[in-house]
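As provided, query-v9.pdb (PDB, C-alpha atoms) reads as follows.
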ATOM      1  CA  ARG A1069     -22.182  -6.730  -2.152
ATOM      2  CA  ALA A1070     -19.871  -8.311   0.403
ATOM      3  CA  GLU A1071     -20.404 -11.650  -1.325
ATOM      4  CA  LEU A1072     -19.446 -10.067  -4.633
ATOM      5  CA  MET A1073     -16.260  -8.739  -3.062
ATOM      6  CA  ALA A1074     -15.451 -12.242  -1.822
ATOM      7  CA  SER A1075     -15.624 -13.473  -5.406
ATOM      8  CA  GLN A1076     -12.437 -11.481  -6.055
ATOM      9  CA  ILE A1077     -10.631 -14.680  -5.020
ATOM     10  CA  LYS A1078     -10.917 -16.565  -8.282
ATOM     11  CA  PRO A1079     -10.306 -20.330  -8.387
ATOM     12  CA  HIS A1080      -7.874 -19.973 -11.296
ATOM     13  CA  PHE A1081      -5.714 -17.601  -9.221
ATOM     14  CA  ILE A1082      -5.527 -20.195  -6.449
ATOM     15  CA  TYR A1083      -4.685 -22.979  -8.905
ATOM     16  CA  ASN A1084      -2.047 -20.908 -10.693
ATOM     17  CA  THR A1085      -0.425 -19.881  -7.420
ATOM     18  CA  LEU A1086      -0.299 -23.468  -6.149
ATOM     19  CA  ASN A1087       1.238 -24.583  -9.439
ATOM     20  CA  SER A1088       3.855 -21.849  -9.143
ATOM     21  CA  ILE A1089       4.697 -22.981  -5.615
ATOM     22  CA  ARG A1090       4.949 -26.609  -6.751
ATOM     23  CA  THR A1091       7.452 -25.625  -9.442
ATOM     24  CA  LEU A1092       9.446 -23.427  -7.047
ATOM     25  CA  ILE A1093       9.765 -26.234  -4.511
ATOM     26  CA  LYS A1094      11.942 -28.076  -7.040
ATOM     27  CA  ILE A1095      14.019 -25.200  -8.387
ATOM     28  CA  ASP A1096      14.045 -22.572  -5.613
ATOM     29  CA  PRO A1097      12.821 -23.857  -2.215
ATOM     30  CA  GLU A1098      13.560 -20.545  -0.481
ATOM     31  CA  GLN A1099      11.410 -18.629  -2.956
ATOM     32  CA  ALA A1100       8.726 -21.285  -2.589
ATOM     33  CA  GLN A1101       8.676 -20.662   1.160
ATOM     34  CA  LYS A1102       8.335 -16.905   0.623
ATOM     35  CA  THR A1103       5.517 -17.435  -1.870
ATOM     36  CA  VAL A1104       3.621 -19.679   0.571
ATOM     37  CA  TYR A1105       3.854 -16.867   3.135
ATOM     38  CA  ASP A1106       2.608 -14.280   0.596
ATOM     39  CA  PHE A1107      -0.220 -16.564  -0.468
ATOM     40  CA  SER A1108      -1.361 -17.147   3.120
ATOM     41  CA  THR A1109      -1.228 -13.385   3.753
ATOM     42  CA  TYR A1110      -3.296 -12.740   0.650
ATOM     43  CA  LEU A1111      -5.936 -15.343   1.516
ATOM     44  CA  ARG A1112      -6.169 -14.313   5.154
ATOM     45  CA  SER A1113      -6.630 -10.643   4.295
ATOM     46  CA  ASN A1114      -9.374 -11.397   1.782
ATOM     47  CA  LEU A1115     -11.293 -13.874   3.904
ATOM     48  CA  GLU A1116     -11.050 -11.954   7.174
ATOM     49  CA  ASN A1117     -11.896  -8.539   5.777
ATOM     50  CA  VAL A1118     -14.621  -9.162   3.212
ATOM     51  CA  GLY A1119     -17.765  -7.328   4.297
ATOM     52  CA  GLU A1120     -15.863  -5.713   7.186
ATOM     53  CA  ARG A1121     -16.839  -2.100   7.919
ATOM     54  CA  GLU A1122     -14.121  -1.323  10.456
ATOM     55  CA  LEU A1123     -11.248   0.680   9.060
ATOM     56  CA  ILE A1124      -7.712  -0.670   8.839
ATOM     57  CA  SER A1125      -4.416   1.154   8.416
ATOM     58  CA  PHE A1126      -3.250   1.896   4.896
ATOM     59  CA  SER A1127      -0.018   0.139   5.913
ATOM     60  CA  ASP A1128      -1.972  -3.096   6.392
ATOM     61  CA  GLU A1129      -3.604  -2.703   2.991
ATOM     62  CA  LEU A1130      -0.160  -2.158   1.462
ATOM     63  CA  ARG A1131       1.068  -5.420   2.987
ATOM     64  CA  HIS A1132      -1.882  -7.173   1.385
ATOM     65  CA  ILE A1133      -1.109  -5.483  -1.948
ATOM     66  CA  ASN A1134       2.563  -6.457  -1.804
ATOM     67  CA  ALA A1135       1.688 -10.070  -1.000
ATOM     68  CA  TYR A1136      -0.514 -10.200  -4.087
ATOM     69  CA  LEU A1137       2.086  -8.524  -6.312
ATOM     70  CA  ASN A1138       4.858 -10.843  -5.109
ATOM     71  CA  ILE A1139       2.754 -13.812  -6.207
ATOM     72  CA  GLU A1140       1.997 -12.317  -9.606
ATOM     73  CA  LYS A1141       5.666 -11.477 -10.164
ATOM     74  CA  ILE A1142       6.458 -15.180  -9.865
ATOM     75  CA  ARG A1143       3.937 -15.939 -12.597
ATOM     76  CA  PHE A1144       4.547 -13.053 -14.982
ATOM     77  CA  GLY A1145       8.217 -12.313 -14.400
ATOM     78  CA  GLU A1146       9.563  -9.267 -16.238
ATOM     79  CA  ARG A1147       6.162  -8.565 -17.801
ATOM     80  CA  LEU A1148       5.047  -7.128 -14.455
ATOM     81  CA  CYS A1149       6.820  -4.088 -13.053
ATOM     82  CA  VAL A1150       5.784  -2.353  -9.834
ATOM     83  CA  ALA A1151       6.440   1.227  -8.740
ATOM     84  CA  GLU A1152       5.487   2.910  -5.471
ATOM     85  CA  ASP A1153       5.345   6.569  -4.515
ATOM     86  CA  ILE A1154       3.997   6.435  -0.970
ATOM     87  CA  GLY A1155       3.852   9.914   0.502
ATOM     88  CA  THR A1156       1.950   8.913   3.644
ATOM     89  CA  LYS A1157       0.621   5.844   5.431
ATOM     90  CA  SER A1158      -0.862   7.550   8.492
ATOM     91  CA  PHE A1159      -4.539   7.097   7.716
ATOM     92  CA  GLN A1160      -7.244   4.463   7.734
ATOM     93  CA  ILE A1161      -9.242   2.953   4.886
ATOM     94  CA  PRO A1162     -11.898   0.277   4.424
ATOM     95  CA  PRO A1163     -10.229  -3.120   3.925
ATOM     96  CA  LEU A1164     -10.121  -4.344   0.335
ATOM     97  CA  SER A1165     -10.673  -0.861  -1.061
ATOM     98  CA  VAL A1166      -7.297  -0.509  -2.820
ATOM     99  CA  GLN A1167      -5.962  -4.067  -3.248
ATOM    100  CA  PRO A1168      -8.698  -5.084  -5.729
ATOM    101  CA  LEU A1169      -7.839  -1.995  -7.803
ATOM    102  CA  VAL A1170      -4.245  -3.228  -8.057
ATOM    103  CA  GLU A1171      -5.503  -6.681  -8.963
ATOM    104  CA  ASN A1172      -7.671  -5.202 -11.706
ATOM    105  CA  ALA A1173      -4.739  -3.198 -13.052
ATOM    106  CA  VAL A1174      -2.591  -6.325 -13.317
ATOM    107  CA  LYS A1175      -5.196  -8.729 -14.673
ATOM    108  CA  HIS A1176      -7.168  -6.500 -17.010
ATOM    109  CA  GLY A1177      -4.663  -3.763 -17.802
ATOM    110  CA  LEU A1178      -1.133  -5.129 -17.952
ATOM    111  CA  CYS A1179      -1.569  -8.824 -18.623
ATOM    112  CA  ALA A1180      -3.703  -8.074 -21.651
ATOM    113  CA  LYS A1181      -0.564  -6.566 -23.244
ATOM    114  CA  MET A1182       1.973  -8.854 -24.850
ATOM    115  CA  ASP A1183       4.910  -7.144 -23.139
ATOM    116  CA  GLY A1184       3.101  -6.290 -19.885
ATOM    117  CA  GLY A1185       3.835  -2.995 -18.171
ATOM    118  CA  THR A1186       3.961  -1.148 -14.863
ATOM    119  CA  VAL A1187       1.448  -0.709 -12.071
ATOM    120  CA  THR A1188       2.089   2.301  -9.840
ATOM    121  CA  ILE A1189       0.679   2.858  -6.353
ATOM    122  CA  ARG A1190       0.776   6.361  -4.898
ATOM    123  CA  SER A1191      -0.477   8.052  -1.755
ATOM    124  CA  ARG A1192      -0.446  11.667  -0.681
ATOM    125  CA  GLU A1193      -1.939  13.986   1.880
ATOM    126  CA  GLU A1194      -3.903  17.063   0.862
ATOM    127  CA  ALA A1195      -5.660  19.736   2.930
ATOM    128  CA  ASP A1196      -8.823  17.803   3.769
ATOM    129  CA  VAL A1197      -8.285  14.389   2.212
ATOM    130  CA  TYR A1198      -5.887  11.523   1.654
ATOM    131  CA  VAL A1199      -5.527  10.349  -1.925
ATOM    132  CA  VAL A1200      -4.475   6.906  -3.121
ATOM    133  CA  GLU A1201      -3.888   6.318  -6.829
ATOM    134  CA  VAL A1202      -3.529   3.050  -8.701
ATOM    135  CA  GLU A1203      -2.249   3.568 -12.239
ATOM    136  CA  ASP A1204      -1.220   1.213 -15.004
ATOM    137  CA  ASP A1205       0.078   1.671 -18.549
ATOM    138  CA  GLY A1206      -1.931  -1.251 -19.855
ATOM    139  CA  VAL A1207      -4.626  -1.621 -22.493
ATOM    140  CA  GLY A1208      -7.091   0.827 -20.928
ATOM    141  CA  PHE A1209     -10.800   1.028 -21.693
ATOM    142  CA  ASP A1210     -13.551   3.528 -22.462
ATOM    143  CA  ALA A1211     -14.000   5.097 -19.017
ATOM    144  CA  GLU A1212     -16.587   7.603 -20.220
ATOM    145  CA  ASN A1213     -18.768   4.806 -21.508
ATOM    146  CA  PHE A1214     -18.220   2.891 -18.263
ATOM    147  CA  GLU A1215     -19.452   5.815 -16.194
ATOM    148  CA  LYS A1216     -22.511   6.250 -18.390
ATOM    149  CA  LYS A1217     -23.550   2.622 -18.179
ATOM    150  CA  LYS A1218     -22.693   1.938 -14.514
ATOM    151  CA  LYS A1219     -23.608  -1.674 -15.244
ATOM    152  CA  VAL A1220     -20.985  -2.689 -17.754
ATOM    153  CA  LYS A1221     -21.869  -5.500 -20.142
ATOM    154  CA  ASP A1222     -18.529  -6.017 -21.827
ATOM    155  CA  LYS A1223     -15.427  -7.909 -20.729
ATOM    156  CA  PHE A1224     -14.886  -5.484 -17.834
ATOM    157  CA  SER A1225     -18.199  -6.367 -16.161
ATOM    158  CA  HIS A1226     -16.478  -8.600 -13.582
ATOM    159  CA  ILE A1227     -13.969  -6.024 -12.412
ATOM    160  CA  GLY A1228     -16.237  -4.912  -9.551
ATOM    161  CA  LEU A1229     -15.278  -1.241  -9.573
ATOM    162  CA  GLU A1230     -18.808  -0.250  -8.643
ATOM    163  CA  ASN A1231     -18.747  -2.561  -5.632
ATOM    164  CA  ILE A1232     -15.484  -1.009  -4.449
ATOM    165  CA  ARG A1233     -16.894   2.470  -5.040
ATOM    166  CA  PHE A1234     -19.997   1.580  -3.021
ATOM    167  CA  ARG A1235     -17.911   0.465  -0.023
ATOM    168  CA  ILE A1236     -15.751   3.594  -0.100
ATOM    169  CA  GLU A1237     -18.775   5.896  -0.292
ATOM    170  CA  GLU A1238     -20.791   3.975   2.294
ATOM    171  CA  ILE A1239     -18.060   3.597   4.914
ATOM    172  CA  THR A1240     -15.976   6.789   4.566
ATOM    173  CA  ASN A1241     -18.066   9.146   2.426
ATOM    174  CA  GLY A1242     -15.107   9.005   0.054
ATOM    175  CA  LYS A1243     -14.931   8.966  -3.711
ATOM    176  CA  LEU A1244     -13.471   6.742  -6.434
ATOM    177  CA  GLU A1245     -12.726   8.160  -9.875
ATOM    178  CA  ILE A1246     -11.885   6.337 -13.088
ATOM    179  CA  HIS A1247      -9.662   7.820 -15.797
ATOM    180  CA  SER A1248      -8.818   5.540 -18.699
ATOM    181  CA  MET A1249      -8.201   5.571 -22.410
ATOM    182  CA  PRO A1250      -7.971   2.579 -24.750
ATOM    183  CA  GLY A1251      -4.343   1.841 -25.542
ATOM    184  CA  LYS A1252      -3.039   4.308 -22.943
ATOM    185  CA  GLY A1253      -3.799   2.814 -19.548
ATOM    186  CA  THR A1254      -5.926   3.512 -16.502
ATOM    187  CA  LYS A1255      -5.678   5.678 -13.392
ATOM    188  CA  VAL A1256      -8.021   5.216 -10.437
ATOM    189  CA  PRO A1257      -7.726   7.881  -7.707
ATOM    190  CA  VAL A1258      -9.472   7.166  -4.405
ATOM    191  CA  ILE A1259     -10.206  10.124  -2.137
ATOM    192  CA  PHE A1260     -10.666   9.564   1.612
ATOM    193  CA  PRO A1261     -11.932  12.522   3.731
ATOM    194  CA  LYS A1262      -9.700  13.238   6.724
ATOM    195  CA  ALA A1263     -12.735  13.782   8.943
ATOM    196  CA  ILE A1264     -13.498  10.068   8.643
ATOM    197  CA  VAL A1265     -10.158   8.294   8.266
ATOM    198  CA  GLU A1266      -7.536  10.382  10.048
ATOM    199  CA  GLY A1267      -5.894   8.992  13.117
ATOM    200  CA  GLY A1268      -7.675   5.673  12.929
ATOM    201  CA  GLU A1269     -10.987   7.042  14.197
ATOM    202  CA  ARG A1270     -14.226   6.128  12.547
ATOM    203  CA  HIS A1271     -16.965   8.762  12.803
ATOM    204  CA  GLU A1272     -20.199   6.810  12.971
ATOM    205  CA  GLY A1273     -23.401   8.198  11.582
ATOM    206  CA  HIS A1274     -21.843  10.728   9.236
ATOM    207  CA  ASP A1275     -24.320  12.464   6.994
ATOM    208  CA  ARG A1276     -24.241  11.025   3.493
ATOM    209  CA  GLY A1277     -26.996  13.325   2.277
TER     210      GLY A1277
END
Can I see the file as structure tokens?
Amino acid sequence: RAELMASQIKPHFIYNTLNSIRTLIKIDPEQAQKTVYDFSTYLRSNLENVGERELISFSDELRHINAYLNIEKIRFGERLCVAEDIGTKSFQIPPLSVQPLVENAVKHGLCAKMDGGTVTIRSREEADVYVVEVEDDGVGFDAENFEKKKKVKDKFSHIGLENIRFRIEEITNGKLEIHSMPGKGTKVPVIFPKAIVEGGERHEGHDRG
């Protein structure tokens, strides 16, 4: 499953990013420099954290997310809008448990629409859990059918939501939900129990039933 997570780094994304940097070098060297930094941050986070079971701060995951979004904004321009409603950052999560959800929202939700749309990242604290939500107003899909199949055989089969869900459940005893409707968009809430992720402490050997 860790190998499958590593495959999130698609060759075409690397090629497209390098082409964007090459163009920026000629027309906007300062932006090119910033994009190189974002690209190195993105690659480092993916390669260092794939398969990693140790928790990282949500702040670190947000930096990874923002590096990815900065790159995609260069490519898609006004078609990609980003909104954040971050209520808290003071908790820990498995690395690469939220960033791939944002990547999915951009690639398979927004960029499938002619005029693009908005991806929104939220976080909040509740009584016993921390909740992170990734929402887009893109093309959406049949979430009910997805949950029934578990092994999707249509164009969404490569999204890897089940691999992300597995990591969240295995490492934190958390939960990933999928709410989507064709033509309306998708919302993916991720619930992290405070007993596991609060204060940066990892409780080994928790009972998963």
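For the residues A:Gly1228, A:Pro1162, A:Pro1250, A:Pro1079, ranking by smallest atom-to-atom distance to Ala1211 in chain A using all atoms listed in the file places A:Pro1250 first.
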Can you measure CA of Tyr1083 in chain A to CA of Asp1205 in chain A for me? One decimal in Å is fine.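 Between CA of Tyr1083 in chain A and CA of Asp1205 in chain A the gap is 26.9 Å.
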Hey, which of A:Asn1231, A:Ile1142, A:Asn1172, A:Asn1134 ends up closest to Asp1096 in chain A? Count all atoms listed in the file. A:Ile1142
Residues at most 12 Å from Leu1148 in chain A, counting all atoms listed in the file, excluding those fewer than 3 positions away in the same chain, as a ChimeraX atom specification? /A:1137-1145,1151,1170-1171,1173-1175,1177-1188,1204-1206
Go ahead and dump the residues you just picked, C-alpha atoms, as an mmCIF file, in the frame of the given file.
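As a result, again.cif now contains:
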data_model
loop_
_atom_site.group_PDB
_atom_site.id
_atom_site.type_symbol
_atom_site.label_atom_id
_atom_site.label_comp_id
_atom_site.auth_asym_id
_atom_site.auth_seq_id
_atom_site.Cartn_x
_atom_site.Cartn_y
_atom_site.Cartn_z
ATOM 1 C CA LEU A 1137 2.086 -8.524 -6.312
ATOM 2 C CA ASN A 1138 4.858 -10.843 -5.109
ATOM 3 C CA ILE A 1139 2.754 -13.812 -6.207
ATOM 4 C CA GLU A 1140 1.997 -12.317 -9.606
ATOM 5 C CA LYS A 1141 5.666 -11.477 -10.164
ATOM 6 C CA ILE A 1142 6.458 -15.180 -9.865
ATOM 7 C CA ARG A 1143 3.937 -15.939 -12.597
ATOM 8 C CA PHE A 1144 4.547 -13.053 -14.982
ATOM 9 C CA GLY A 1145 8.217 -12.313 -14.400
ATOM 10 C CA ALA A 1151 6.440 1.227 -8.740
ATOM 11 C CA VAL A 1170 -4.245 -3.228 -8.057
ATOM 12 C CA GLU A 1171 -5.503 -6.681 -8.963
ATOM 13 C CA ALA A 1173 -4.739 -3.198 -13.052
ATOM 14 C CA VAL A 1174 -2.591 -6.325 -13.317
ATOM 15 C CA LYS A 1175 -5.196 -8.729 -14.673
ATOM 16 C CA GLY A 1177 -4.663 -3.763 -17.802
ATOM 17 C CA LEU A 1178 -1.133 -5.129 -17.952
ATOM 18 C CA CYS A 1179 -1.569 -8.824 -18.623
ATOM 19 C CA ALA A 1180 -3.703 -8.074 -21.651
ATOM 20 C CA LYS A 1181 -0.564 -6.566 -23.244
ATOM 21 C CA MET A 1182 1.973 -8.854 -24.850
ATOM 22 C CA ASP A 1183 4.910 -7.144 -23.139
ATOM 23 C CA GLY A 1184 3.101 -6.290 -19.885
ATOM 24 C CA GLY A 1185 3.835 -2.995 -18.171
ATOM 25 C CA THR A 1186 3.961 -1.148 -14.863
ATOM 26 C CA VAL A 1187 1.448 -0.709 -12.071
ATOM 27 C CA THR A 1188 2.089 2.301 -9.840
ATOM 28 C CA ASP A 1204 -1.220 1.213 -15.004
ATOM 29 C CA ASP A 1205 0.078 1.671 -18.549
ATOM 30 C CA GLY A 1206 -1.931 -1.251 -19.855
#
At most 10 Å from (-7.4, 17.7, 5.8), file frame, only C-alpha atoms: which residues, as a list in words?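 Residues lying no farther than 10 Å from the given point: Glu1193, Glu1194, Ala1195, Asp1196, Val1197, Tyr1198, Phe1260, Pro1261, Lys1262, Ala1263 and Glu1266 of chain A.
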Selected residues, C-alpha atoms, written as a PDB file, keeping the file's coordinate frame, please.
ATOM      1  CA  GLU A1193      -1.939  13.986   1.880  1.00  0.00           C
ATOM      2  CA  GLU A1194      -3.903  17.063   0.862  1.00  0.00           C
ATOM      3  CA  ALA A1195      -5.660  19.736   2.930  1.00  0.00           C
ATOM      4  CA  ASP A1196      -8.823  17.803   3.769  1.00  0.00           C
ATOM      5  CA  VAL A1197      -8.285  14.389   2.212  1.00  0.00           C
ATOM      6  CA  TYR A1198      -5.887  11.523   1.654  1.00  0.00           C
ATOM      7  CA  PHE A1260     -10.666   9.564   1.612  1.00  0.00           C
ATOM      8  CA  PRO A1261     -11.932  12.522   3.731  1.00  0.00           C
ATOM      9  CA  LYS A1262      -9.700  13.238   6.724  1.00  0.00           C
ATOM     10  CA  ALA A1263     -12.735  13.782   8.943  1.00  0.00           C
ATOM     11  CA  GLU A1266      -7.536  10.382  10.048  1.00  0.00           C
TER      12      GLU A1266
END
Between A:Phe1159, A:Arg1190, A:Gly1208, A:Ser1088, which has the minimum distance to His1247 in chain A (counting only C-alpha atoms)?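 Of A:Phe1159, A:Arg1190, A:Gly1208, A:Ser1088, the one nearest His1247 in chain A, counting only C-alpha atoms, is A:Gly1208.
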Expand the PyMOL selection byres ((chain A and resi 1108) around 12) into the individual residues it matches in the shown file, reporting them as a ChimeraX atom specification. /A:1082,1085-1086,1101-1107,1109-1116,1131-1132,1135-1136,1139
What would the file look like if the residues just selected were written as a short mmCIF file (atom, residue, chain, number, x, y, z; two decimals), keeping the file's coordinate frame with C-alpha atoms?
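Output file result.cif is given in full below:
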data_model
loop_
_atom_site.label_atom_id
_atom_site.label_comp_id
_atom_site.auth_asym_id
_atom_site.auth_seq_id
_atom_site.Cartn_x
_atom_site.Cartn_y
_atom_site.Cartn_z
CA ILE A 1082 -5.53 -20.20 -6.45
CA THR A 1085 -0.42 -19.88 -7.42
CA LEU A 1086 -0.30 -23.47 -6.15
CA GLN A 1101 8.68 -20.66 1.16
CA LYS A 1102 8.34 -16.90 0.62
CA THR A 1103 5.52 -17.43 -1.87
CA VAL A 1104 3.62 -19.68 0.57
CA TYR A 1105 3.85 -16.87 3.14
CA ASP A 1106 2.61 -14.28 0.60
CA PHE A 1107 -0.22 -16.56 -0.47
CA THR A 1109 -1.23 -13.38 3.75
CA TYR A 1110 -3.30 -12.74 0.65
CA LEU A 1111 -5.94 -15.34 1.52
CA ARG A 1112 -6.17 -14.31 5.15
CA SER A 1113 -6.63 -10.64 4.30
CA ASN A 1114 -9.37 -11.40 1.78
CA LEU A 1115 -11.29 -13.87 3.90
CA GLU A 1116 -11.05 -11.95 7.17
CA ARG A 1131 1.07 -5.42 2.99
CA HIS A 1132 -1.88 -7.17 1.38
CA ALA A 1135 1.69 -10.07 -1.00
CA TYR A 1136 -0.51 -10.20 -4.09
CA ILE A 1139 2.75 -13.81 -6.21
#
Apply the PyMOL selection byres ((chain A and resi 1259) around 9) to the displayed file and report the matching residues as a PDB file with C-alpha atoms, in the coordinates of the input.
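Printed below is selection_18.pdb as written:
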ATOM      1  CA  VAL A1197      -8.285  14.389   2.212  1.00  0.00           C
ATOM      2  CA  TYR A1198      -5.887  11.523   1.654  1.00  0.00           C
ATOM      3  CA  VAL A1199      -5.527  10.349  -1.925  1.00  0.00           C
ATOM      4  CA  VAL A1200      -4.475   6.906  -3.121  1.00  0.00           C
ATOM      5  CA  GLU A1201      -3.888   6.318  -6.829  1.00  0.00           C
ATOM      6  CA  ILE A1236     -15.751   3.594  -0.100  1.00  0.00           C
ATOM      7  CA  GLY A1242     -15.107   9.005   0.054  1.00  0.00           C
ATOM      8  CA  LYS A1243     -14.931   8.966  -3.711  1.00  0.00           C
ATOM      9  CA  LEU A1244     -13.471   6.742  -6.434  1.00  0.00           C
ATOM     10  CA  GLU A1245     -12.726   8.160  -9.875  1.00  0.00           C
ATOM     11  CA  PRO A1257      -7.726   7.881  -7.707  1.00  0.00           C
ATOM     12  CA  VAL A1258      -9.472   7.166  -4.405  1.00  0.00           C
ATOM     13  CA  PHE A1260     -10.666   9.564   1.612  1.00  0.00           C
ATOM     14  CA  PRO A1261     -11.932  12.522   3.731  1.00  0.00           C
TER      15      PRO A1261
END
For the structure just given, write the atoms of range 1101-1120 of chain A, namely C-alpha atoms, as a CSV table (one decimal), in the first residue's frame.
chain,number,residue,atom,x,y,z
A,1101,GLN,CA,12.4,30.6,-8.3
A,1102,LYS,CA,9.4,30.3,-6.0
A,1103,THR,CA,8.0,27.4,-8.1
A,1104,VAL,CA,11.3,25.5,-7.8
A,1105,TYR,CA,11.1,25.9,-4.1
A,1106,ASP,CA,7.4,24.6,-4.0
A,1107,PHE,CA,8.3,21.8,-6.3
A,1108,SER,CA,11.2,20.7,-4.1
A,1109,THR,CA,9.0,20.9,-1.0
A,1110,TYR,CA,6.4,18.8,-2.7
A,1111,LEU,CA,8.8,16.1,-3.9
A,1112,ARG,CA,10.6,15.9,-0.6
A,1113,SER,CA,7.4,15.6,1.4
A,1114,ASN,CA,6.2,12.8,-0.8
A,1115,LEU,CA,9.4,10.8,-1.0
A,1116,GLU,CA,10.3,11.1,2.7
A,1117,ASN,CA,6.9,10.4,4.1
A,1118,VAL,CA,5.5,7.6,1.9
A,1119,GLY,CA,5.0,4.5,4.0
A,1120,GLU,CA,5.9,6.5,7.2
